[in-house]
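Asks: Have a peek at work02.cif (mmCIF, C-alpha atoms).
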```cif
data_model
loop_
_atom_site.label_atom_id
_atom_site.label_comp_id
_atom_site.auth_asym_id
_atom_site.auth_seq_id
_atom_site.Cartn_x
_atom_site.Cartn_y
_atom_site.Cartn_z
CA MET A 1 0.00 0.00 0.00
CA ARG A 2 1.29 3.44 -0.94
CA THR A 3 0.26 6.77 0.52
CA ILE A 4 0.04 10.21 -1.06
CA LEU A 5 -0.44 13.17 1.26
CA PHE A 6 -1.77 16.36 -0.29
CA LEU A 7 -0.82 19.28 1.96
CA ARG A 8 -1.87 22.86 1.41
CA HIS A 9 0.94 25.20 2.47
CA ALA A 10 0.59 26.76 5.90
CA GLN A 11 -0.71 30.29 6.43
CA ALA A 12 1.39 32.98 4.76
CA VAL A 13 1.76 36.71 5.21
CA LEU A 14 -0.72 38.80 3.28
CA PRO A 15 0.48 40.10 -0.07
CA ASP A 16 1.65 43.68 -0.14
CA SER A 17 1.74 46.11 -3.03
CA SER A 18 5.48 45.74 -3.54
CA GLY A 19 5.86 41.97 -3.24
CA LYS A 20 5.24 39.02 -5.47
CA ASP A 21 2.82 36.25 -4.50
CA PHE A 22 5.57 33.72 -5.20
CA ASP A 23 7.76 35.25 -2.49
CA ARG A 24 5.20 35.29 0.32
CA ARG A 25 6.56 33.56 3.43
CA LEU A 26 4.79 31.85 6.30
CA ASN A 27 3.57 33.98 9.16
CA ALA A 28 4.04 32.91 12.80
CA ALA A 29 0.67 31.12 12.91
CA GLY A 30 1.55 29.26 9.71
CA GLU A 31 4.87 28.10 11.13
CA THR A 32 3.10 26.82 14.25
CA ASP A 33 0.38 25.06 12.21
CA ALA A 34 2.98 23.37 9.99
CA GLU A 35 4.96 22.20 13.03
CA ASN A 36 1.80 20.87 14.69
CA GLN A 37 0.65 19.06 11.54
CA ALA A 38 4.09 17.49 11.12
CA LYS A 39 4.02 16.26 14.72
CA ARG A 40 0.50 14.94 14.19
CA LEU A 41 1.62 12.82 11.23
CA ILE A 42 4.69 11.56 13.05
CA ASN A 43 2.60 10.63 16.11
CA ALA A 44 0.22 8.74 13.81
CA GLY A 45 3.17 6.82 12.32
CA ILE A 46 2.76 8.45 8.90
CA LEU A 47 6.31 9.04 7.69
CA PRO A 48 6.81 10.45 4.20
CA ASP A 49 10.02 9.38 2.48
CA PHE A 50 9.58 11.74 -0.48
CA ILE A 51 8.39 15.36 -0.50
CA LEU A 52 7.43 17.13 -3.73
CA CYS A 53 6.66 20.82 -3.41
CA SER A 54 6.04 23.99 -5.34
CA PRO A 55 9.09 26.27 -5.26
CA ALA A 56 7.08 29.21 -3.89
CA SER A 57 8.50 30.45 -0.58
CA ARG A 58 5.51 29.44 1.56
CA THR A 59 5.33 25.90 0.14
CA ARG A 60 9.08 25.38 0.42
CA GLN A 61 9.01 26.62 4.03
CA THR A 62 6.14 24.27 4.84
CA ALA A 63 7.99 21.36 3.22
CA ASP A 64 11.18 22.23 5.11
CA ILE A 65 9.31 22.26 8.43
CA PHE A 66 7.96 18.77 7.71
CA LYS A 67 11.35 17.46 6.59
CA THR A 68 13.07 18.86 9.69
CA ALA A 69 10.41 17.40 12.01
CA LEU A 70 10.77 13.99 10.37
CA ALA A 71 14.58 14.12 10.60
CA ASN A 72 14.45 15.10 14.27
CA ALA A 73 11.90 12.41 15.19
CA HIS A 74 13.36 9.64 13.01
CA PRO A 75 17.01 10.38 12.12
CA ALA A 76 17.42 7.00 10.38
CA HIS A 77 14.39 7.64 8.11
CA PRO A 78 15.68 9.28 4.90
CA VAL A 79 13.48 11.90 3.26
CA THR A 80 14.09 13.32 -0.21
CA LEU A 81 12.75 16.80 -0.93
CA GLN A 82 12.29 17.90 -4.53
CA GLU A 83 10.76 21.01 -6.06
CA ALA A 84 8.37 20.86 -9.02
CA PRO A 85 7.99 24.33 -10.57
CA SER A 86 4.75 23.42 -12.33
CA LEU A 87 2.97 22.89 -8.98
CA TYR A 88 2.86 26.68 -8.48
CA ARG A 89 0.16 27.08 -11.15
CA ALA A 90 -0.98 23.52 -11.94
CA ASN A 91 -4.55 22.32 -11.63
CA ALA A 92 -5.47 18.96 -10.07
CA ALA A 93 -4.67 17.08 -13.28
CA GLY A 94 -1.25 18.73 -13.31
CA TYR A 95 -0.61 17.63 -9.73
CA ILE A 96 -1.49 14.04 -10.61
CA GLN A 97 0.81 14.19 -13.63
CA GLU A 98 3.68 15.48 -11.47
CA ILE A 99 3.14 12.62 -9.02
CA ARG A 100 3.21 10.10 -11.86
CA SER A 101 6.41 11.53 -13.33
CA GLN A 102 8.33 12.68 -10.23
CA VAL A 103 7.55 10.40 -7.30
CA PRO A 104 9.71 7.27 -7.44
CA ASN A 105 7.90 3.94 -7.34
CA THR A 106 10.30 2.92 -4.57
CA SER A 107 8.66 5.49 -2.28
CA ARG A 108 6.04 4.24 0.18
CA CYS A 109 4.68 7.62 1.32
CA ALA A 110 4.91 10.88 -0.62
CA LEU A 111 4.01 14.33 0.66
CA ILE A 112 2.86 16.83 -1.99
CA VAL A 113 2.98 20.44 -0.75
CA GLY A 114 1.07 22.86 -2.91
CA HIS A 115 -1.59 25.50 -3.32
CA ASN A 116 -5.32 25.89 -3.40
CA PRO A 117 -7.57 25.42 -5.24
CA SER A 118 -5.54 22.49 -6.61
CA ILE A 119 -4.94 20.73 -3.27
CA GLU A 120 -8.65 20.94 -2.42
CA ASP A 121 -9.58 19.76 -5.92
CA CYS A 122 -7.24 16.77 -5.59
CA ALA A 123 -8.79 15.82 -2.26
CA LEU A 124 -12.28 16.00 -3.78
CA LEU A 125 -11.22 13.89 -6.79
CA PHE A 126 -10.18 11.08 -4.47
CA ALA A 127 -13.14 11.41 -2.06
CA ARG A 128 -15.17 9.10 -4.37
CA SER A 129 -18.53 10.49 -3.34
CA SER A 130 -17.81 10.08 0.36
CA HIS A 131 -20.31 12.56 1.79
CA GLN A 132 -18.37 12.74 5.05
CA PHE A 133 -15.20 13.90 3.31
CA GLU A 134 -16.96 16.00 0.67
CA GLN A 135 -18.83 17.89 3.38
CA ARG A 136 -15.69 18.58 5.41
CA ILE A 137 -13.77 19.66 2.31
CA GLY A 138 -16.75 21.67 1.09
CA TYR A 139 -16.37 24.04 4.02
CA GLY A 140 -13.03 25.03 2.49
CA PHE A 141 -9.64 23.37 2.61
CA PRO A 142 -7.65 25.34 5.18
CA THR A 143 -4.00 26.25 5.09
CA ALA A 144 -1.95 23.37 6.54
CA GLY A 145 -4.86 21.03 5.74
CA LEU A 146 -3.80 17.56 4.69
CA ALA A 147 -5.58 14.80 2.74
CA GLU A 148 -4.35 11.20 2.97
CA ILE A 149 -4.81 9.08 -0.16
CA LYS A 150 -4.12 5.32 -0.28
CA THR A 151 -3.42 3.24 -3.39
CA GLN A 152 -2.17 -0.21 -4.34
CA ALA A 153 -0.86 1.20 -7.64
CA ASP A 154 2.64 2.36 -8.44
CA PHE A 155 2.96 6.12 -8.30
CA SER A 156 3.60 6.13 -12.05
CA ALA A 157 0.02 4.85 -12.50
CA PHE A 158 -1.60 6.91 -9.71
CA SER A 159 -5.15 8.07 -10.56
CA PRO A 160 -8.59 8.67 -9.02
CA GLU A 161 -9.62 5.26 -10.36
CA ASN A 162 -7.08 3.34 -8.27
CA ALA A 163 -6.74 5.48 -5.14
CA GLN A 164 -9.03 6.76 -2.43
CA LEU A 165 -9.12 9.51 0.19
CA THR A 166 -8.86 7.76 3.57
CA ALA A 167 -8.37 10.61 6.06
CA LEU A 168 -8.32 14.36 6.47
CA TYR A 169 -6.01 16.05 8.95
CA LEU A 170 -7.21 19.61 9.33
CA PRO A 171 -5.42 22.02 11.66
CA HIS A 172 -7.10 22.74 14.97
CA GLU A 173 -9.01 19.42 14.85
CA ASP A 174 -8.19 16.41 16.98
#
```
What's the structure tokens form of this structure?
Replies:
Amino acid sequence: MRTILFLRHAQAVLPDSSGKDFDRRLNAAGETDAENQAKRLINAGILPDFILCSPASRTRQTADIFKTALANAHPAHPVTLQEAPSLYRANAAGYIQEIRSQVPNTSRCALIVGHNPSIEDCALLFARSSHQFEQRIGYGFPTAGLAEIKTQADFSAFSPENAQLTALYLPHED
């Protein structure tokens, strides 16, 4: 069984008139949420071995927080972090294509750190008409929200037809 985790970046500073969206960094609340979500996964025994993220500052920071937390909790557990520039603007289909082409089939658990609406759209694609998940996602997919997808398929063949949303880890929920 393989796991894909779709993670929306944590909360970022608001854009200002002089800055670029791409360069927005996490604010203090976002850093805390990312740290708490990383601890939550680790405590649940969910240990990504591959992280694929958008190169935007806020997604890279979120990915780095997760990678550091994993390294501190499990020093012998190697984690590869890779940027995928297309994730900055890709839709859900683009995210799935990046998983198929970038995540190695030797990986058991991959963390995809990206942006909305694509992360929310991916979660909905894999919800497979689960009213429980659709309703929770329908209220909006929050920053630092995470969707866990399980599949028997190789990542190179990953699709909504062979994988299913199995859990949501939303910040500030137990």
Asks: Run the PyMOL selection byres ((chain A and resi 129-134) around 12) on the file and write out the hits as a list in words.
Replies: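 With the shown file as input, the PyMOL selection byres ((chain A and resi 129-134) around 12) matches Glu120, Asp121, Cys122, Ala123, Leu124, Leu125, Phe126, Ala127, Arg128, Gln135, Arg136, Ile137, Gly138, Tyr139, Gly140, Phe141, Ala147, Glu148, Ile149, Pro160, Gln164, Leu165, Thr166, Ala167, Leu168, Tyr169 and Leu170 of chain A.
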Asks: What residues come out when you apply the PyMOL selection byres ((chain A and resi 34-49) around 7) to this file, written as a short mmCIF file (atom, residue, chain, number, x, y, z; two decimals) with C-alpha atoms, in the coordinates of the input?
Replies:
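Final file, out-v4.cif:
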```
data_model
loop_
_atom_site.label_atom_id
_atom_site.label_comp_id
_atom_site.auth_asym_id
_atom_site.auth_seq_id
_atom_site.Cartn_x
_atom_site.Cartn_y
_atom_site.Cartn_z
CA ALA A 10 0.59 26.76 5.90
CA GLY A 30 1.55 29.26 9.71
CA GLU A 31 4.87 28.10 11.13
CA THR A 32 3.10 26.82 14.25
CA ASP A 33 0.38 25.06 12.21
CA PHE A 50 9.58 11.74 -0.48
CA ILE A 51 8.39 15.36 -0.50
CA THR A 62 6.14 24.27 4.84
CA ILE A 65 9.31 22.26 8.43
CA PHE A 66 7.96 18.77 7.71
CA ALA A 69 10.41 17.40 12.01
CA PRO A 78 15.68 9.28 4.90
CA VAL A 79 13.48 11.90 3.26
CA THR A 80 14.09 13.32 -0.21
CA SER A 107 8.66 5.49 -2.28
CA ARG A 108 6.04 4.24 0.18
CA CYS A 109 4.68 7.62 1.32
CA ALA A 110 4.91 10.88 -0.62
CA LEU A 111 4.01 14.33 0.66
CA ALA A 144 -1.95 23.37 6.54
CA PRO A 171 -5.42 22.02 11.66
#
```
Asks: What residues come out when you apply the PyMOL selection byres ((chain A and resi 53) around 8) to this file, written as a ChimeraX atom specification?
Replies: /A:51-52,54-55,59-60,63,81-84,87,112-114
Asks: Please measure the separation of CA of Ala28 in chain A and CA of Ser57 in chain A, giving the value in Å to one decimal.
Replies: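 Here the two named atoms are 14.3 Å from each other.
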Asks: Which one is closest to Gly145 in chain A: A:Ile99, A:Ile119, A:Ala90, A:Val13? Count only C-alpha atoms.
Replies: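 Nearest candidate to Gly145 in chain A out of A:Ile99, A:Ile119, A:Ala90, A:Val13: A:Ile119.
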Asks: Could you jot down the CA of Phe22 in chain A to CA of Asp64 in chain A separation for me, Å, one decimal place?
Replies: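 Rounded to one decimal, the two atoms are 16.4 Å apart.
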Asks: Do you have the CA of Glu161 in chain A-CA of Arg2 in chain A distance handy?
Replies: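 Going from CA of Glu161 in chain A over to CA of Arg2 in chain A, I get 14.5 Å.
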Asks: Calculated over only C-alpha atoms, which of the candidates A:Gln61, A:Asn105, A:Asn27, A:Thr151 has the smallest distance to Gln11 in chain A?
Replies: A:Asn27
Asks: Between A:Ala71, A:Ala29, A:Pro85, A:Arg58, which residue has the minimum interatomic distance to Pro15 in chain A, considering all atoms listed in the file?
Replies: A:Arg58
Asks: Which residue, A:Asn116, A:Ser156, A:Asn72, A:Thr143, has the smallest gap to Arg100 in chain A when you use all atoms listed in the file?
Replies: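 Between A:Asn116, A:Ser156, A:Asn72, A:Thr143, the residue approaching Arg100 in chain A most closely is A:Ser156.
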Asks: For Ala163 in chain A, which residue out of A:Ile96, A:Arg24, A:His115, A:Thr106 is the nearest one, using all atoms listed in the file?
Replies: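 Result for the nearest residue to Ala163 in chain A: A:Ile96.
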Asks: Would you please work out which residue, of A:Gln102, A:Gln152, A:Asn162, A:Ser86, is nearest to Ser118 in chain A when using only C-alpha atoms?
Replies: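 Once distances to Ser118 in chain A are computed over only C-alpha atoms, the minimum belongs to A:Ser86.
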